[in-house]
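Input: a single structure, listed below in structure tokens.
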Amino acid sequence: MDVTPIRKTREKALPPERRPANAVRPEALRQSILDRLAFALGKDAASATPHDWFFATALAVRDHIATCWMASAQRTDEAASKRVYYLSIEFLIGRLLFDGLGNLDLTESVREALSGLGVDLDELRGLEPDAALGNGGLGRLAACFMDSMASLALPAFGYGIRYNYGLFKQIIEDGWQTEAPDRWLDFGNPWEFRRPEITYPIHFGGTAEVIKAEGDGKRGVWHFAETILAMAYDTPIVGFAGKHANTLRLWSAQAEEPLALAAFNQGDHIGAMAARDGAEAISDVLYPSDDNPAGEELRLRQEFFFTSASLQDLLRRHIAAFGDIATLPDKAAIHLNDTHPALAVAELMRLLLDEHHVSWAEAWCITSQTLNYTNHTLLPEALETWPIEVLGRLLPRHLEIIYTINYDHLKSLPEALKAPDSVAALSLIEERGERRVRMGHLAFIGSRRINGVSALHTDLMRRTVFHDLDRAYPGRIVNKTNGISFRRWLHEANPSLTKLLVETLSPKILEDPSALRKLEAFADDPGFHAKLAATRQVNKEALAKRIAGRLGILVDPQALFDVHIKRIHEYKRQLLNIIEAIALYLEIRDAPGFAAVPRVKIFAGKAAPSYWHAKLIIKLANAVAEVVNKDKRVGDKLKLVFVPNYNVAIAEAIIPAADLSEQISTAGMEASGTGNMKLALNGALTIGTLDGANVEIREQVGAENIFIFGAVTEEIARKRKAGFTGADAKAASPRLARALDAIATGVFSPDDKGRFKPLLDALLGYDPFMVVADFDAYWEAQRKVDALWNDPAQWWRAATFNIARMGWFSSDRTIREYADEIWCAKTLS
């Protein structure tokens with residue numbers, strides 16, 4: 001669609017110093033693209049493939065980004081500014097072409113330049129692979145934060161791993177998830193700069209000892225047995241209006257000697273490359289399965305690899321700029337995005353002690369004043385722990401340091417916390433059963449601030465997983481509710497809605513999300529409702545076409561699009577949604593008088609390769625879809641769709657088309673969620689529990705504009721204490737019983753009636769995620785959805801309020817809070 005009015009009005013809205021310095025004529029851009037085609041790819045226009053055109057265009061755009069990037073680095077150096085270093089094992093940045101074009105305001109200029117060459121920019125968009133650098137919310141949050149730090153001109157580096165094959169490519173075969181390598185780098189990556197000159201040694205194994213130093217001093221020595229090299233690849237991340245750009249630096253693992261030439265010449269061609277293969281495995285795959293000893297060791301290597309490389313790099317930069325290592329807390333804020341980089345506590349101590357010869361007391365002061373840590377989960381299995389045996393074998397010097405930190409930590413506890421049970425809970429070492437190091441505890445003790453990511457999550461942190469640590473170190477835990485990049489999830493993903501908002505309000509909404517609040521004045525305007533519904537309909541028709549083309553399933557764009565898109569996990573309760581779909585199907589099929597609202601249930605998400613129950617849930621979703629979609633008695637009243645290989649690009653297609661947003665996790669288990677924010681921003685109404693950021697979304701949009709159901713955290717605790725079982729819920733709900741019996745009797749698995757028994761056994765037993773416990777409440781909430789959908793004026797009124805009141809959930813607001821209250825860092829503007 002033509003979004004030229006957005007571009008022109010945006011430029012007028014900005015003061016002169018903020019207007020993009022890119023009044024680049026299409027003719028100049030066209031020549032730049034042709035130059036890249038010829039001199040970077042060795043092609044001319046006659047021989048260029050569509051991928052060649054994409055690559056040449058991306059390189060031409062990158063030139064403009066690089067100009068901003070280098071200027072930003074120079075301004076940061078001249079200002080001697082404090083930098084933020086954001087360490088995350090995931091950065092789910094998605095496709096970058098339209099991201100860069102939008103932030104540089106070059107979209108229409110490039111479109112015109114390509115049109116003159118007979119090339120369609122929108123077709124090139126579909127050729128760009130999603131960067132396979134993340135899995136879900138953790139990585140997407142990191143990407144939104146990088147966008148906001150650049151847009152706010154906050155000097156920052158993002159540090160992560162350059163995965164060769166990402167998480168995995170999800171393929172659905174006969175309803176089952178199978179995994180294949182995500183070969184996103186097959187055609188190269190036009191956005192990155194390879195930096196072979198920036199390489200650091202990463203050591204493993206060997207032994208550690210303490211030796212005498214000068215005078216009466218002592219120092220540690222690590223006699224490592226193995227060295228792997230970390231080589232940098234830099235991707236510039238440009239902010240809004242091309243004002244500032246930061247660096248995303250990703251590390252690739254390399255062997256010290258890529259080929260054992262003597263062995264190769266003796267005929268051992270495979271063995272000669274063993275060291276190279278072993279080294280490169282570290283950066284091959286995100287989250288290698290850790291249900292076996294080799295996988296567990298690889299994960300630990302992976303986490304230490306990128307953490308050590310990042311710390312070495314930022315210390316080198318700090319010393320080059322400021323000379324004195326003691327000023328690190330004044331000039332650097334290091335942020336640990338979850339526990340994956342928690343070894344930064346021990347590694348920073350090692351570098352300060354062993355490489356920079358700082359005293360223990362000073363090293364601990366520097367470390368604990370520089371590091372900060374975000375916790376993203378209350379699930380015990382996600383709070384990483386490492387066996388003492390594995391950690392001691394791979395990182396013996398670090399285990400020594402951890403033991404010393406633990407000794408000092410326990411020694412300093414107040415008397416009220418020195419009872420044996422308290423000491424056991426507070427220790428960095430889990431002593432019961434296999435001895436393991438608690439990485440969440442290590443990150444907490446070594447950090448200046450620890451934050452949760454929603455008000456509820458932060459409160460639960462204080463009361464549960466970090467209860468004792470909060471008593472020992474009061475005031476360290478703070479809340480920073482997550483946010484999303486409106487530039488990616490509104491302006492770029494939904495240009496038709498963005499255009500409507502600019503026309504209805506002003507271009508100010510493009511830079512100031514709080515300006516959306518003025519949309520409330522149109523909540524009862526039938527004319528605006530009609531325009532809003534029309535933009536949604538266009539997006540739904542585009543998604544319906546995509547579903548038909550990819551899956552061969554025809555869905556009615558006039559139906560309610562009910563969307564459940566997120567990582568497949570039992571606590572996220574896709575299973576509850578599926579069971580409700582079965583109950584709804586049985587009502588439509590067997591009760592002719594049942595007034596069903598035509599509905600399309602859209603699922604997408606990946607299950608961890610070793611998470612059997614999650615994979616069984618995917619199979620059930622596809623099995624139910626197979627039955628329901630073919631039943632002529634149901635027709636278009638209900639359809640189920642499972643979209644394979646969920647990624648950022650698929651989310652950008654689904655979210656603008658969504659009418660209903662499923663945020664139905666078990667209360668107390670979702671830290672925040674950001675999908676809930678993206679969907680509400682685009683006008684979808686939320687059906688959800690009082691979990692994570694749903695609580696704050698309800699506070700913002702109003703209880704009347706969201707569908708809340710289900711047991712709250714305290715009620716769940718009472719039920720569990722009382723010995724609740726899913727069998728109790730089934731006995732009390734004929735509708736639930738009928739749906740579960742349909743699964744049990746093989747309605748959806750006639751070839752294997754017992755296929756889904758493991759899921760049913762869990763539901764009817766302890767029901768750990770309160771799926772059947774919440775079924776009746778969920779059913780009733782869905783019928784309230786039906787009733788509101790049948791009243792279009794009220795539906796679009798609620799949708800308008802959701803859009804208008806989501807400004808607070810901008811990641812720009814979140815980053816300002818981090819900068820002011822955690823990092824003590826200033827923007828350059």
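We name chains A, B, ... following the order of the structure tokens; residues begin at 1 in each chain, and ligands are numbered from 1 as shown.
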Just the strand (DSSP E) stuff from range 515-644 of chain A, please, per backbone DSSP, written as a ChimeraX atom specification. /A:560-565,599-604,638-643
Residue selection dump (N, CA, C and O atoms) as a PDB file, in the first residue's frame:
ATOM      1  N   LEU A 560     -14.125 -14.746  13.038  1.00  0.00           N
ATOM      2  CA  LEU A 560     -13.282 -14.243  14.115  1.00  0.00           C
ATOM      3  C   LEU A 560     -11.951 -14.995  14.080  1.00  0.00           C
ATOM      4  O   LEU A 560     -11.929 -16.218  14.163  1.00  0.00           O
ATOM      5  N   PHE A 561     -10.841 -14.279  13.960  1.00  0.00           N
ATOM      6  CA  PHE A 561      -9.512 -14.895  13.947  1.00  0.00           C
ATOM      7  C   PHE A 561      -8.989 -14.932  15.390  1.00  0.00           C
ATOM      8  O   PHE A 561      -8.636 -13.900  15.964  1.00  0.00           O
ATOM      9  N   ASP A 562      -8.947 -16.119  15.929  1.00  0.00           N
ATOM     10  CA  ASP A 562      -8.585 -16.395  17.325  1.00  0.00           C
ATOM     11  C   ASP A 562      -7.157 -16.937  17.325  1.00  0.00           C
ATOM     12  O   ASP A 562      -6.902 -18.040  16.840  1.00  0.00           O
ATOM     13  N   VAL A 563      -6.211 -16.161  17.864  1.00  0.00           N
ATOM     14  CA  VAL A 563      -4.789 -16.407  17.635  1.00  0.00           C
ATOM     15  C   VAL A 563      -4.072 -16.831  18.913  1.00  0.00           C
ATOM     16  O   VAL A 563      -4.172 -16.155  19.944  1.00  0.00           O
ATOM     17  N   HIS A 564      -3.341 -17.954  18.816  1.00  0.00           N
ATOM     18  CA  HIS A 564      -2.527 -18.461  19.938  1.00  0.00           C
ATOM     19  C   HIS A 564      -1.138 -18.762  19.387  1.00  0.00           C
ATOM     20  O   HIS A 564      -0.886 -19.845  18.862  1.00  0.00           O
ATOM     21  N   ILE A 565      -0.244 -17.789  19.485  1.00  0.00           N
ATOM     22  CA  ILE A 565       1.073 -17.897  18.842  1.00  0.00           C
ATOM     23  C   ILE A 565       2.164 -17.664  19.887  1.00  0.00           C
ATOM     24  O   ILE A 565       2.372 -16.545  20.347  1.00  0.00           O
ATOM     25  N   ARG A 599     -15.461 -18.999  13.553  1.00  0.00           N
ATOM     26  CA  ARG A 599     -14.186 -18.761  14.234  1.00  0.00           C
ATOM     27  C   ARG A 599     -13.081 -19.571  13.567  1.00  0.00           C
ATOM     28  O   ARG A 599     -13.269 -20.733  13.217  1.00  0.00           O
ATOM     29  N   VAL A 600     -11.917 -18.936  13.418  1.00  0.00           N
ATOM     30  CA  VAL A 600     -10.715 -19.617  12.940  1.00  0.00           C
ATOM     31  C   VAL A 600      -9.686 -19.570  14.069  1.00  0.00           C
ATOM     32  O   VAL A 600      -9.264 -18.486  14.480  1.00  0.00           O
ATOM     33  N   LYS A 601      -9.335 -20.736  14.593  1.00  0.00           N
ATOM     34  CA  LYS A 601      -8.324 -20.810  15.649  1.00  0.00           C
ATOM     35  C   LYS A 601      -6.960 -21.035  14.991  1.00  0.00           C
ATOM     36  O   LYS A 601      -6.763 -22.042  14.315  1.00  0.00           O
ATOM     37  N   ILE A 602      -6.058 -20.106  15.208  1.00  0.00           N
ATOM     38  CA  ILE A 602      -4.743 -20.136  14.566  1.00  0.00           C
ATOM     39  C   ILE A 602      -3.682 -20.372  15.641  1.00  0.00           C
ATOM     40  O   ILE A 602      -3.536 -19.571  16.568  1.00  0.00           O
ATOM     41  N   PHE A 603      -2.972 -21.483  15.493  1.00  0.00           N
ATOM     42  CA  PHE A 603      -1.881 -21.822  16.400  1.00  0.00           C
ATOM     43  C   PHE A 603      -0.557 -21.723  15.656  1.00  0.00           C
ATOM     44  O   PHE A 603      -0.471 -22.027  14.470  1.00  0.00           O
ATOM     45  N   ALA A 604       0.493 -21.342  16.401  1.00  0.00           N
ATOM     46  CA  ALA A 604       1.858 -21.407  15.863  1.00  0.00           C
ATOM     47  C   ALA A 604       2.814 -21.415  17.041  1.00  0.00           C
ATOM     48  O   ALA A 604       2.562 -20.777  18.070  1.00  0.00           O
ATOM     49  N   LEU A 638     -16.197 -23.347  12.281  1.00  0.00           N
ATOM     50  CA  LEU A 638     -14.984 -23.549  13.069  1.00  0.00           C
ATOM     51  C   LEU A 638     -13.906 -24.151  12.180  1.00  0.00           C
ATOM     52  O   LEU A 638     -14.133 -25.152  11.503  1.00  0.00           O
ATOM     53  N   LYS A 639     -12.754 -23.522  12.199  1.00  0.00           N
ATOM     54  CA  LYS A 639     -11.584 -24.062  11.518  1.00  0.00           C
ATOM     55  C   LYS A 639     -10.396 -23.956  12.469  1.00  0.00           C
ATOM     56  O   LYS A 639     -10.299 -23.016  13.264  1.00  0.00           O
ATOM     57  N   LEU A 640      -9.485 -24.929  12.368  1.00  0.00           N
ATOM     58  CA  LEU A 640      -8.245 -24.902  13.139  1.00  0.00           C
ATOM     59  C   LEU A 640      -7.069 -24.921  12.170  1.00  0.00           C
ATOM     60  O   LEU A 640      -7.080 -25.686  11.199  1.00  0.00           O
ATOM     61  N   VAL A 641      -6.073 -24.107  12.463  1.00  0.00           N
ATOM     62  CA  VAL A 641      -4.884 -24.018  11.615  1.00  0.00           C
ATOM     63  C   VAL A 641      -3.651 -24.025  12.513  1.00  0.00           C
ATOM     64  O   VAL A 641      -3.582 -23.260  13.484  1.00  0.00           O
ATOM     65  N   PHE A 642      -2.683 -24.878  12.189  1.00  0.00           N
ATOM     66  CA  PHE A 642      -1.379 -24.818  12.854  1.00  0.00           C
ATOM     67  C   PHE A 642      -0.360 -24.377  11.803  1.00  0.00           C
ATOM     68  O   PHE A 642      -0.102 -25.095  10.835  1.00  0.00           O
ATOM     69  N   VAL A 643       0.197 -23.182  12.004  1.00  0.00           N
ATOM     70  CA  VAL A 643       1.148 -22.622  11.040  1.00  0.00           C
ATOM     71  C   VAL A 643       2.555 -23.078  11.423  1.00  0.00           C
ATOM     72  O   VAL A 643       3.033 -22.766  12.512  1.00  0.00           O
TER      73      VAL A 643
END
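The nearest approach to Leu759 in chain A among the residues A:Leu616, A:Cys824, A:Ala521, A:Ala703, with only C-alpha atoms taken into account, belongs to A:Leu616.
Proximity of A:Asn189, A:Gln266, A:Ser447, A:Ser308 to His335 in chain A, computed with only C-alpha atoms, is greatest for A:Ser447.
With only C-alpha atoms taken into account, the protein and nucleic acid residues at most 10 Å from Glu256 in chain A (excluding it and anything under 5 positions from it in its own chain) are Pro201, Glu226, Thr227, Ile228, Leu229, Ala230, Ala275, Arg276 and Ala279 of chain A.
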Residues from last step as file, all heavy atoms, as a compact mmCIF listing (two decimals), in the first residue's frame:
# COMPACT_ATOMS: atom_id res chain seq x y z
N PRO A 201 40.71 -15.53 22.82
CA PRO A 201 40.84 -16.93 23.21
C PRO A 201 39.88 -17.28 24.35
O PRO A 201 39.77 -16.53 25.33
CB PRO A 201 42.30 -17.01 23.68
CG PRO A 201 42.59 -15.64 24.20
CD PRO A 201 41.80 -14.69 23.34
N GLU A 226 42.50 -26.45 26.82
CA GLU A 226 41.89 -26.29 25.50
C GLU A 226 41.59 -24.82 25.25
O GLU A 226 41.17 -24.11 26.17
CB GLU A 226 40.59 -27.11 25.44
CG GLU A 226 39.82 -26.99 24.14
CD GLU A 226 38.45 -27.68 24.22
OE1 GLU A 226 38.07 -28.15 25.31
OE2 GLU A 226 37.78 -27.73 23.17
N THR A 227 41.80 -24.39 24.02
CA THR A 227 41.49 -23.01 23.65
C THR A 227 40.67 -23.00 22.37
O THR A 227 41.01 -23.67 21.39
CB THR A 227 42.77 -22.18 23.44
OG1 THR A 227 43.51 -22.14 24.67
CG2 THR A 227 42.43 -20.76 23.01
N ILE A 228 39.60 -22.23 22.40
CA ILE A 228 38.75 -22.00 21.23
C ILE A 228 38.72 -20.50 20.98
O ILE A 228 38.75 -19.71 21.93
CB ILE A 228 37.34 -22.57 21.46
CG1 ILE A 228 37.39 -24.10 21.46
CG2 ILE A 228 36.36 -22.08 20.41
CD1 ILE A 228 36.14 -24.76 21.94
N LEU A 229 38.67 -20.10 19.74
CA LEU A 229 38.68 -18.68 19.40
C LEU A 229 37.26 -18.17 19.16
O LEU A 229 36.45 -18.85 18.53
CB LEU A 229 39.53 -18.44 18.16
CG LEU A 229 40.99 -18.88 18.25
CD1 LEU A 229 41.71 -18.58 16.95
CD2 LEU A 229 41.70 -18.21 19.42
N ALA A 230 37.00 -16.98 19.66
CA ALA A 230 35.72 -16.29 19.42
C ALA A 230 35.97 -15.14 18.47
O ALA A 230 36.72 -14.21 18.80
CB ALA A 230 35.13 -15.79 20.72
N ALA A 275 39.00 -31.28 15.58
CA ALA A 275 39.10 -30.11 16.46
C ALA A 275 38.26 -28.96 15.92
O ALA A 275 37.59 -28.25 16.68
CB ALA A 275 40.56 -29.69 16.60
N ARG A 276 38.30 -28.77 14.61
CA ARG A 276 37.50 -27.70 14.01
C ARG A 276 36.01 -27.95 14.23
O ARG A 276 35.26 -27.04 14.62
CB ARG A 276 37.79 -27.59 12.51
CG ARG A 276 37.05 -26.44 11.83
CD ARG A 276 37.25 -26.46 10.34
NE ARG A 276 36.54 -27.57 9.71
CZ ARG A 276 36.60 -27.87 8.42
NH1 ARG A 276 37.39 -27.16 7.62
NH2 ARG A 276 35.92 -28.88 7.92
N ALA A 279 35.03 -27.34 17.85
CA ALA A 279 34.99 -25.92 18.20
C ALA A 279 33.76 -25.25 17.60
O ALA A 279 33.03 -24.52 18.29
CB ALA A 279 36.25 -25.23 17.70
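When only C-alpha atoms are used to compute distances to Glu280 in chain A, the closest of the residues A:Met231, A:Arg316, A:Ile402, A:Asp324 turns out to be A:Met231.
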Contacts of Ser661 in chain A within 12 Å, only C-alpha atoms, excl. fewer than 6 positions in-chain, as a count of residues only: 37
Selection near Ala530 in chain A, 12 Å with only C-alpha atoms, sequence-local residues under 3 positions removed, as a tab-separated table (two decimals) with all heavy atoms, in the first residue's frame:
chain	number	residue	atom	x	y	z
A	500	LEU	N	-3.75	4.82	9.07
A	500	LEU	CA	-5.03	5.27	9.63
A	500	LEU	C	-4.80	6.10	10.90
A	500	LEU	O	-5.45	7.14	11.09
A	500	LEU	CB	-5.92	4.07	9.93
A	500	LEU	CG	-7.24	4.37	10.66
A	500	LEU	CD1	-8.13	5.29	9.84
A	500	LEU	CD2	-7.97	3.06	10.99
A	522	PHE	N	-12.15	8.70	19.67
A	522	PHE	CA	-12.81	8.08	18.51
A	522	PHE	C	-13.40	6.71	18.87
A	522	PHE	O	-13.84	5.98	17.98
A	522	PHE	CB	-11.81	7.93	17.37
A	522	PHE	CG	-11.28	9.23	16.86
A	522	PHE	CD1	-10.17	9.82	17.45
A	522	PHE	CD2	-11.90	9.89	15.81
A	522	PHE	CE1	-9.67	11.03	16.99
A	522	PHE	CE2	-11.42	11.10	15.35
A	522	PHE	CZ	-10.29	11.68	15.94
A	523	ALA	N	-13.42	6.39	20.15
A	523	ALA	CA	-13.87	5.05	20.56
A	523	ALA	C	-15.33	4.79	20.22
A	523	ALA	O	-15.73	3.63	20.02
A	523	ALA	CB	-13.64	4.86	22.06
A	524	ASP	N	-16.14	5.85	20.14
A	524	ASP	CA	-17.56	5.67	19.82
A	524	ASP	C	-17.91	6.26	18.46
A	524	ASP	O	-19.08	6.54	18.18
A	524	ASP	CB	-18.41	6.32	20.91
A	524	ASP	CG	-18.29	5.59	22.24
A	524	ASP	OD1	-18.57	4.38	22.28
A	524	ASP	OD2	-17.87	6.23	23.23
A	525	ASP	N	-16.90	6.42	17.62
A	525	ASP	CA	-17.10	7.03	16.29
A	525	ASP	C	-17.33	5.93	15.26
A	525	ASP	O	-16.39	5.20	14.91
A	525	ASP	CB	-15.85	7.85	15.94
A	525	ASP	CG	-15.98	8.58	14.61
A	525	ASP	OD1	-16.81	8.17	13.76
A	525	ASP	OD2	-15.23	9.55	14.41
A	526	PRO	N	-18.55	5.78	14.73
A	526	PRO	CA	-18.82	4.72	13.75
A	526	PRO	C	-17.94	4.83	12.50
A	526	PRO	O	-17.55	3.81	11.93
A	526	PRO	CB	-20.30	4.92	13.40
A	526	PRO	CG	-20.87	5.68	14.55
A	526	PRO	CD	-19.76	6.56	15.05
A	527	GLY	N	-17.62	6.05	12.11
A	527	GLY	CA	-16.77	6.22	10.94
A	527	GLY	C	-15.38	5.66	11.17
A	527	GLY	O	-14.82	4.99	10.28
A	533	ALA	N	-12.04	-1.44	11.03
A	533	ALA	CA	-12.47	-2.78	10.58
A	533	ALA	C	-11.96	-3.07	9.17
A	533	ALA	O	-11.58	-4.20	8.85
A	533	ALA	CB	-13.99	-2.90	10.64
A	534	ALA	N	-11.93	-2.04	8.33
A	534	ALA	CA	-11.46	-2.25	6.95
A	534	ALA	C	-9.98	-2.59	6.91
A	534	ALA	O	-9.55	-3.46	6.13
A	534	ALA	CB	-11.75	-0.99	6.12
A	535	THR	N	-9.17	-1.92	7.74
A	535	THR	CA	-7.74	-2.26	7.76
A	535	THR	C	-7.54	-3.68	8.27
A	535	THR	O	-6.70	-4.42	7.74
A	535	THR	CB	-6.94	-1.28	8.65
A	535	THR	OG1	-7.35	-1.41	10.02
A	535	THR	CG2	-7.14	0.15	8.20
A	536	ARG	N	-8.31	-4.07	9.26
A	536	ARG	CA	-8.21	-5.45	9.78
A	536	ARG	C	-8.60	-6.45	8.70
A	536	ARG	O	-7.96	-7.50	8.55
A	536	ARG	CB	-9.13	-5.60	11.00
A	536	ARG	CG	-9.19	-7.02	11.60
A	536	ARG	CD	-7.98	-7.38	12.40
A	536	ARG	NE	-7.67	-6.39	13.41
A	536	ARG	CZ	-8.33	-6.28	14.59
A	536	ARG	NH1	-9.31	-7.11	14.88
A	536	ARG	NH2	-8.01	-5.33	15.44
A	537	GLN	N	-9.65	-6.14	7.97
A	537	GLN	CA	-10.13	-7.07	6.95
A	537	GLN	C	-9.09	-7.30	5.86
A	537	GLN	O	-8.89	-8.42	5.40
A	537	GLN	CB	-11.43	-6.56	6.34
A	537	GLN	CG	-12.18	-7.60	5.52
A	537	GLN	CD	-12.57	-8.82	6.34
A	537	GLN	OE1	-12.84	-8.72	7.53
A	537	GLN	NE2	-12.60	-9.98	5.70
A	792	PRO	N	-20.87	-5.42	16.81
A	792	PRO	CA	-19.68	-4.79	16.21
A	792	PRO	C	-19.33	-3.43	16.80
A	792	PRO	O	-18.14	-3.11	16.96
A	792	PRO	CB	-20.05	-4.67	14.73
A	792	PRO	CG	-21.05	-5.76	14.51
A	792	PRO	CD	-21.84	-5.84	15.79
A	793	ALA	N	-20.32	-2.63	17.13
A	793	ALA	CA	-20.01	-1.30	17.67
A	793	ALA	C	-19.23	-1.42	18.96
A	793	ALA	O	-18.27	-0.68	19.19
A	793	ALA	CB	-21.31	-0.51	17.90
A	795	TRP	N	-17.51	-4.14	19.95
A	795	TRP	CA	-16.23	-4.81	19.69
A	795	TRP	C	-15.17	-3.80	19.24
A	795	TRP	O	-14.07	-3.76	19.78
A	795	TRP	CB	-16.41	-5.90	18.63
A	795	TRP	CG	-15.12	-6.64	18.36
A	795	TRP	CD1	-14.11	-6.27	17.52
A	795	TRP	CD2	-14.69	-7.85	18.99
A	795	TRP	NE1	-13.07	-7.19	17.58
A	795	TRP	CE2	-13.42	-8.16	18.47
A	795	TRP	CE3	-15.27	-8.71	19.93
A	795	TRP	CZ2	-12.70	-9.30	18.86
A	795	TRP	CZ3	-14.57	-9.84	20.32
A	795	TRP	CH2	-13.30	-10.13	19.79
A	796	TRP	N	-15.53	-2.95	18.27
A	796	TRP	CA	-14.55	-2.01	17.75
A	796	TRP	C	-14.30	-0.87	18.73
A	796	TRP	O	-13.21	-0.28	18.73
A	796	TRP	CB	-14.98	-1.49	16.38
A	796	TRP	CG	-14.93	-2.61	15.37
A	796	TRP	CD1	-15.98	-3.23	14.77
A	796	TRP	CD2	-13.76	-3.27	14.90
A	796	TRP	NE1	-15.55	-4.24	13.95
A	796	TRP	CE2	-14.18	-4.30	14.00
A	796	TRP	CE3	-12.40	-3.11	15.13
A	796	TRP	CZ2	-13.29	-5.13	13.36
A	796	TRP	CZ3	-11.51	-3.95	14.49
A	796	TRP	CH2	-11.96	-4.95	13.61
A	797	ARG	N	-15.26	-0.61	19.59
A	797	ARG	CA	-15.01	0.34	20.69
A	797	ARG	C	-13.91	-0.21	21.60
A	797	ARG	O	-12.96	0.51	21.94
A	797	ARG	CB	-16.29	0.56	21.48
A	797	ARG	CG	-16.16	1.54	22.64
A	797	ARG	CD	-17.51	1.70	23.36
A	797	ARG	NE	-17.47	2.84	24.27
A	797	ARG	CZ	-17.05	2.77	25.53
A	797	ARG	NH1	-16.64	1.61	26.03
A	797	ARG	NH2	-17.05	3.85	26.30
A	800	THR	N	-10.55	-0.11	19.87
A	800	THR	CA	-10.00	1.25	19.84
A	800	THR	C	-9.35	1.60	21.16
A	800	THR	O	-8.25	2.17	21.20
A	800	THR	CB	-11.11	2.26	19.52
A	800	THR	OG1	-11.72	1.92	18.27
A	800	THR	CG2	-10.57	3.68	19.45
Neighbouring residues of range 353-364 of chain A were defined as those with any atom within 9 Å, considering only C-alpha atoms; residues of the same chain fewer than 3 positions away were excluded. Please report them as a list in words.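 Residues meeting the cut-off are Arg219, Gly220, Val221, Trp222, Ile325, Ala326, Leu348, Met349, Arg350, Thr367, Ser368, Gln369, Ile405 and Gly446 of chain A.
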